[in-house]
Structure formats: C-alpha cells, structure tokens
$ cat data24.txt   # compact mmCIF, C-alpha atoms
# COMPACT_ATOMS: atom_id res chain seq x y z
CA MET J 1 -161.08 93.84 16.40
CA GLY J 2 -160.10 96.17 13.53
CA PHE J 3 -158.75 99.71 13.58
CA PRO J 4 -162.16 101.45 13.08
CA GLU J 5 -163.63 99.66 16.11
CA ILE J 6 -160.59 100.38 18.28
CA ALA J 7 -160.54 104.03 17.18
CA SER J 8 -164.26 104.40 17.96
CA ILE J 9 -163.82 102.98 21.47
CA LEU J 10 -160.83 105.24 22.12
CA PHE J 11 -162.80 108.25 20.85
CA GLY J 12 -165.57 107.57 23.39
CA LEU J 13 -163.13 107.04 26.26
CA ALA J 14 -161.22 110.21 25.34
CA LEU J 15 -164.50 112.18 25.38
CA LEU J 16 -165.18 110.90 28.90
CA ALA J 17 -161.58 111.62 29.95
CA GLY J 18 -161.71 115.17 28.56
CA PHE J 19 -164.94 115.84 30.45
CA VAL J 20 -163.59 114.53 33.76
CA ASP J 21 -160.20 116.18 33.27
CA ALA J 22 -161.71 119.63 32.65
CA ILE J 23 -163.52 119.39 35.97
CA ALA J 24 -161.19 117.55 38.33
CA GLY J 25 -158.22 116.01 36.53
CA GLY J 26 -157.45 112.32 36.32
CA GLY J 27 -158.38 111.75 32.69
CA GLY J 28 -155.12 109.93 32.12
CA LEU J 29 -156.36 107.09 34.30
CA ILE J 30 -158.99 106.48 31.63
CA THR J 31 -156.90 107.00 28.51
CA ILE J 32 -153.59 105.37 29.45
CA PRO J 33 -155.13 101.95 30.28
CA ALA J 34 -157.20 102.27 27.09
CA LEU J 35 -154.07 102.80 25.01
CA LEU J 36 -152.35 99.84 26.68
CA TRP J 37 -155.45 97.76 25.88
CA ALA J 38 -155.15 98.87 22.24
CA GLY J 39 -151.73 97.20 22.12
CA LEU J 40 -149.34 100.13 22.57
CA SER J 41 -146.19 99.82 24.64
CA PRO J 42 -146.06 101.74 27.97
CA LEU J 43 -143.89 104.49 26.47
CA GLU J 44 -146.05 104.73 23.32
CA SER J 45 -149.12 104.93 25.58
CA LEU J 46 -147.66 107.83 27.58
CA ALA J 47 -146.62 109.64 24.40
CA THR J 48 -149.90 109.11 22.53
CA ASN J 49 -151.80 110.11 25.65
CA LYS J 50 -149.99 113.47 25.64
CA ALA J 51 -150.77 113.95 21.94
CA GLN J 52 -154.51 113.60 22.52
CA ALA J 53 -154.62 115.27 25.95
CA VAL J 54 -153.07 118.49 24.65
CA PHE J 55 -156.29 119.12 22.69
CA GLY J 56 -158.54 118.70 25.71
CA SER J 57 -156.45 120.84 28.05
CA GLY J 58 -155.93 123.41 25.28
CA SER J 59 -159.64 123.65 24.56
CA ALA J 60 -160.50 124.13 28.23
CA THR J 61 -157.73 126.72 28.64
CA VAL J 62 -159.00 128.81 25.72
CA HIS J 63 -162.53 128.71 27.14
CA PHE J 64 -161.38 129.87 30.59
CA ILE J 65 -159.27 132.69 29.11
CA ARG J 66 -162.22 133.92 27.06
CA LYS J 67 -164.37 133.95 30.20
CA GLY J 68 -161.79 136.03 32.05
CA MET J 69 -160.86 133.31 34.55
CA ILE J 70 -157.16 133.35 33.58
CA GLU J 71 -154.78 136.30 33.19
CA PRO J 72 -152.02 134.86 30.96
CA ARG J 73 -149.46 137.59 31.76
CA LYS J 74 -149.71 137.02 35.52
CA ALA J 75 -149.40 133.26 34.99
CA ALA J 76 -146.44 133.50 32.57
CA PHE J 77 -143.67 132.66 35.06
CA THR J 78 -145.60 129.68 36.45
CA VAL J 79 -146.21 128.49 32.88
CA ALA J 80 -142.48 128.75 32.12
CA CYS J 81 -141.53 126.78 35.23
CA THR J 82 -144.11 124.11 34.44
CA PHE J 83 -142.75 123.81 30.90
CA VAL J 84 -139.22 123.28 32.22
CA GLY J 85 -140.38 120.66 34.72
CA ALA J 86 -142.41 118.72 32.15
CA THR J 87 -139.51 118.80 29.69
CA LEU J 88 -137.18 117.26 32.25
CA GLY J 89 -139.76 114.62 33.15
CA ALA J 90 -140.40 113.64 29.53
CA LEU J 91 -136.68 113.32 28.85
CA LEU J 92 -136.09 111.24 31.98
CA VAL J 93 -139.00 108.81 31.49
CA GLN J 94 -137.55 107.80 28.14
CA GLN J 95 -134.43 106.68 29.97
CA ILE J 96 -135.61 104.95 33.16
CA ASP J 97 -138.46 102.93 34.66
CA SER J 98 -141.25 105.00 36.29
CA ALA J 99 -142.33 102.25 38.74
CA ALA J 100 -140.70 103.84 41.80
CA LEU J 101 -142.50 107.16 41.34
CA GLN J 102 -145.77 105.40 40.59
CA ARG J 103 -145.73 103.71 44.01
CA LEU J 104 -145.78 107.09 45.77
CA ILE J 105 -148.74 108.57 43.96
CA PRO J 106 -151.75 106.71 45.50
CA GLY J 107 -150.88 107.79 49.04
CA LEU J 108 -150.40 111.40 47.96
CA LEU J 109 -153.71 111.47 46.13
CA ILE J 110 -155.60 110.01 49.07
CA GLY J 111 -154.08 112.66 51.33
CA PHE J 112 -155.15 115.39 48.91
CA ALA J 113 -158.65 113.92 48.66
CA LEU J 114 -159.02 114.02 52.45
CA TYR J 115 -157.83 117.63 52.48
CA PHE J 116 -160.45 118.61 49.92
CA LEU J 117 -163.16 116.62 51.67
CA PHE J 118 -162.65 118.12 55.14
CA SER J 119 -161.12 121.54 54.55
CA PRO J 120 -163.68 124.32 55.15
CA ARG J 121 -161.63 126.62 52.89
CA VAL J 122 -162.32 124.69 49.70
CA SER J 123 -165.16 126.68 48.19
CA ASP J 124 -166.04 129.29 45.59
CA LEU J 125 -164.42 132.00 47.73
CA ASP J 126 -160.74 132.94 47.61
CA SER J 127 -158.92 132.33 50.90
CA HIS J 128 -155.56 133.17 52.52
CA GLN J 129 -152.49 132.96 50.28
CA ARG J 130 -149.75 130.89 51.95
CA LEU J 131 -147.06 131.15 49.25
CA ARG J 132 -145.94 133.88 46.88
CA THR J 133 -146.50 133.21 43.19
CA PRO J 134 -142.77 132.93 42.23
CA ALA J 135 -142.21 130.35 44.98
CA PHE J 136 -145.32 128.47 43.87
CA ALA J 137 -144.04 128.46 40.28
CA MET J 138 -140.62 127.11 41.24
CA THR J 139 -142.01 124.37 43.50
CA VAL J 140 -145.46 123.27 42.36
CA GLY J 141 -144.97 124.39 38.74
CA VAL J 142 -141.65 122.64 38.28
CA GLY J 143 -142.47 119.65 40.51
CA VAL J 144 -145.90 118.78 39.19
CA GLY J 145 -144.80 119.65 35.66
CA PHE J 146 -141.96 117.14 36.04
CA TYR J 147 -144.38 114.51 37.29
CA ASP J 148 -146.71 115.10 34.34
CA GLY J 149 -143.90 114.73 31.84
CA PHE J 150 -142.63 111.64 33.64
CA PHE J 151 -145.88 109.80 34.40
CA GLY J 152 -149.03 111.92 34.46
CA PRO J 153 -152.20 110.55 36.10
CA GLY J 154 -153.59 112.93 38.70
CA THR J 155 -151.62 115.97 37.48
CA GLY J 156 -154.72 118.17 37.32
CA THR J 157 -155.60 117.17 40.86
CA PHE J 158 -152.12 118.10 42.12
CA PHE J 159 -152.22 121.49 40.42
CA ALA J 160 -155.72 122.22 41.74
CA MET J 161 -154.70 121.28 45.28
CA GLY J 162 -151.69 123.56 45.06
CA TYR J 163 -153.70 126.53 43.86
CA VAL J 164 -156.27 126.10 46.63
CA ALA J 165 -153.98 125.20 49.53
CA LEU J 166 -151.00 127.46 48.73
CA LEU J 167 -152.31 130.41 46.69
CA GLY J 168 -155.79 130.55 48.26
CA TYR J 169 -157.68 130.34 44.97
CA ASN J 170 -161.35 129.39 44.93
CA LEU J 171 -162.24 126.20 43.06
CA ARG J 172 -163.42 127.87 39.86
CA ARG J 173 -160.25 129.93 39.60
CA ALA J 174 -158.02 127.01 40.61
CA THR J 175 -159.61 124.73 38.00
CA ALA J 176 -159.13 127.33 35.27
CA HIS J 177 -155.45 127.88 36.06
CA THR J 178 -154.93 124.15 36.43
CA LYS J 179 -155.96 123.64 32.81
CA LEU J 180 -153.45 126.28 31.69
CA LEU J 181 -150.61 124.50 33.49
CA ASN J 182 -151.86 121.08 32.38
CA PHE J 183 -151.85 122.26 28.76
CA THR J 184 -148.31 123.58 29.26
CA SER J 185 -146.99 120.31 30.69
CA ASN J 186 -148.82 118.26 28.05
CA LEU J 187 -147.34 120.36 25.25
CA ALA J 188 -143.80 120.30 26.67
CA ALA J 189 -143.85 116.52 27.12
CA LEU J 190 -145.41 116.00 23.70
CA ILE J 191 -142.63 117.90 21.95
CA PHE J 192 -139.99 115.54 23.29
CA PHE J 193 -142.09 112.41 22.78
CA VAL J 194 -142.48 113.48 19.14
CA ILE J 195 -138.73 113.94 18.85
CA GLY J 196 -138.32 110.45 20.29
CA GLY J 197 -140.76 109.02 17.72
CA GLN J 198 -143.08 107.55 20.37
CA VAL J 199 -146.49 108.95 19.30
CA ILE J 200 -149.01 106.78 17.40
CA TRP J 201 -150.71 109.56 15.46
CA THR J 202 -153.64 107.62 13.98
CA LEU J 203 -154.99 106.77 17.42
CA ALA J 204 -154.05 110.19 18.83
CA ALA J 205 -156.14 111.91 16.14
CA ALA J 206 -159.27 109.88 16.93
CA MET J 207 -158.89 110.53 20.64
CA ALA J 208 -158.18 114.24 20.15
CA MET J 209 -161.68 114.76 18.73
CA GLY J 210 -163.20 113.13 21.81
CA GLN J 211 -161.01 115.25 24.08
CA LEU J 212 -162.14 118.47 22.42
CA ILE J 213 -165.83 117.65 22.93
CA GLY J 214 -165.42 116.39 26.50
CA ALA J 215 -163.28 119.34 27.59
CA TRP J 216 -165.76 121.82 26.13
CA LEU J 217 -168.62 120.25 28.08
CA GLY J 218 -166.64 119.98 31.32
CA SER J 219 -165.27 123.53 31.27
CA HIS J 220 -168.77 124.97 30.76
CA LEU J 221 -170.09 123.00 33.75
CA VAL J 222 -167.23 124.25 35.98
CA LEU J 223 -168.17 127.89 35.35
CA LYS J 224 -171.84 127.19 35.87
CA HIS J 225 -171.71 125.10 39.05
CA GLY J 226 -168.35 125.86 40.72
CA ALA J 227 -167.49 124.13 44.01
CA VAL J 228 -170.84 122.31 44.15
CA LEU J 229 -169.69 120.30 41.13
CA VAL J 230 -165.90 120.40 41.38
CA ARG J 231 -165.42 119.46 45.04
CA PRO J 232 -167.15 116.03 44.98
CA ILE J 233 -165.72 115.13 41.58
CA LEU J 234 -162.21 116.17 42.64
CA VAL J 235 -162.44 114.06 45.80
CA GLY J 236 -163.94 111.14 43.89
CA ALA J 237 -161.33 111.37 41.13
CA SER J 238 -158.49 111.38 43.69
CA ILE J 239 -159.83 108.31 45.45
CA LEU J 240 -160.56 106.39 42.24
CA ILE J 241 -157.14 107.21 40.79
CA SER J 242 -155.50 106.03 44.01
CA LEU J 243 -157.47 102.78 44.09
CA LYS J 244 -156.66 102.14 40.43
CA LEU J 245 -152.94 102.66 41.01
CA PHE J 246 -152.99 100.47 44.14
CA TRP J 247 -154.79 97.74 42.18
CA ASP J 248 -152.26 97.93 39.34
CA GLN J 249 -149.41 97.60 41.82
CA LEU J 250 -150.98 94.60 43.55
CA ASN J 251 -151.46 92.87 40.20
CA GLY J 252 -148.01 93.77 38.95
CA ILE J 253 -149.22 95.93 36.08

$ encode --input "data24.txt" --output "structure tokens"
Amino acid sequence: MGFPEIASILFGLALLAGFVDAIAGGGGLITIPALLWAGLSPLESLATNKAQAVFGSGSATVHFIRKGMIEPRKAAFTVACTFVGATLGALLVQQIDSAALQRLIPGLLIGFALYFLFSPRVSDLDSHQRLRTPAFAMTVGVGVGFYDGFFGPGTGTFFAMGYVALLGYNLRRATAHTKLLNFTSNLAALIFFVIGGQVIWTLAAAMAMGQLIGAWLGSHLVLKHGAVLVRPILVGASILISLKLFWDQLNGI
C-alpha cells in the first residue's frame, strides 16, 4: 500500500478520533494504533499523534471560547500546571518504557466509567465543588498533564471526570474546559517531541485535516445536546478504551 492510500486511511481515522475526542476523549485509542499500523515506531507514533491531535483539541477549544463556555483568565493557572506536567511526561517517555503506567490505566478508566454511569450528579447542572481551583490545578492539572505527555489515551476522560467530580462542573462546561487542558498538554508534549525529532510530519499533516473536521462536528454537538450526548459516549469511551488496553496487554502489544 502506497503513501496516498495510507494517508487517506489515516485522514478518515483522525476525523473519527477528532469527533469522539471533542465529545468524550479517547481519540488516541483510534489514532495511536493506526500510526503503529502505518509502520511507525511506538515513540514516533506518540509524537506524530500529538502533532495531529493538537489541531483537533485546538479547534474545539477555540469554538468553546467563542461560545463563552471557557474563561481563559480563570483557567490560566490550571493551564500552566497542565503544561508543566505534560512537559515532564514527554521528557520522561523518551527515556523509559511506558509499560508499567499503561497497566494501571484500564482499571482507572473502568472506575471512572462506573462513576459517570451511576452518579446522579453527572448532568447539565453544576453541582457541589469539592476542591479549590488551585488545588485542582496542582493535582489534576499536573498529574493528568504528565500522563498525557507520557502516554495519552483517555486523557480527555480523566480531565472531564476531574472537573465533574472535584470542581462540580456540569458536563457541557467540563467538556469545554477539558479541551482547553487537552490542547495545552498536546502542545507541551509536541514541543519536546519536535525537539527530539520524533514527529513524522507528512502523516501528521494528513491527519490534522481530519482532526479539524471531526473536532468541529463534535464540539457543535456537545453544545447542542449536552449530557444527553456526552454521558453515554463518555461511559462508552471509557469502557472501550479499557477493553482495548486490556486486550493489548494480554496479547503482549
């Protein structure tokens, strides 16, 4: 199969990933296996995935800001903490094997999925805030940002869970802020993958176009349908991501 055919397939998968990611996160579970299938090494796949994902998360973030769902000044400290975390993760993953961290993720995602499925607070209404924003930034921002720079799949789900469970955000608002932090962690990781020379730009460019289209479609649907759309897709994405990671571990991938 030649480059045009591979690029076309990756474009279509990136469009699907951008759509899913704008709604519930988990797009990396579509794009990373696709990049491995295209013949890239694991590190090149992670790096190229960040190069294309930054367009999808950036597009969705701009849309949510324009619609008034995000106040950038209020989110600035959380953005800064997320950037620091993702930078550390991207630097570390270029030095060590990520297999140990990967083994923990399926169980965490299943737990989060069950929380979203059964919690009566997960809706289009804001609920009780359990953590102050600076504490949230220094724990969830840094921690999930680190994970995204280090590995990545499910990052959007982790951020969304944190916003709902700890800051009491409704699902629309949580999804919007999740894309801002996801864009931040994607950009931070990308900078250091570029410095390391790990990005395959020809494939990243083809996938970026798909991401832009998919993210635009997904972000519009979030604002229109809210929890009715986001809740089932977020639960489904968490479970599917977990099953995929379990399957990869069983097969030694």

$ residues_around --input "data24.txt" --residues "range 51-61 of chain J" --least-positions-apart "4" --cutoff "7 Å" --atoms "all atoms listed in the file" --output "list in words"
Gly18, Ala22, Ala47, Ile65, Ala176, Lys179, Leu180, Asn182, Phe183, Asn186, Leu187, Leu190, Ala204, Ala205, Met207, Ala208, Gln211, Leu212, Ala215, Trp216 and Ser219 of chain J

$ residues_around --input "data24.txt" --residues "Ser185 in chain J" --least-positions-apart "2" --cutoff "10 Å" --atoms "only C-alpha atoms" --output "VMD selection string"
chain J and resid 50 54 57 79 to 87 89 to 90 141 to 142 144 to 149 152 155 179 to 183 187 to 190

$ closest_residue --input "data24.txt" --among "J:Leu46, J:Ala14, J:Gly154, J:Met209" --to "Val93 in chain J" --atoms "only C-alpha atoms"
J:Leu46

$ axis_aligned_box --input "data24.txt" --around "range 81-85 of chain J" --padding-each-side "8 Å" --output "lines of an AutoDock Vina configuration file"
center_x = -141.7
center_y = 123.7
center_z = 33.1
size_x = 20.9
size_y = 22.1
size_z = 20.3

$ atom_distance --input "data24.txt" --atom1 "CA of Gln129 in chain J" --atom2 "CA of Met69 in chain J"
17.8 Å
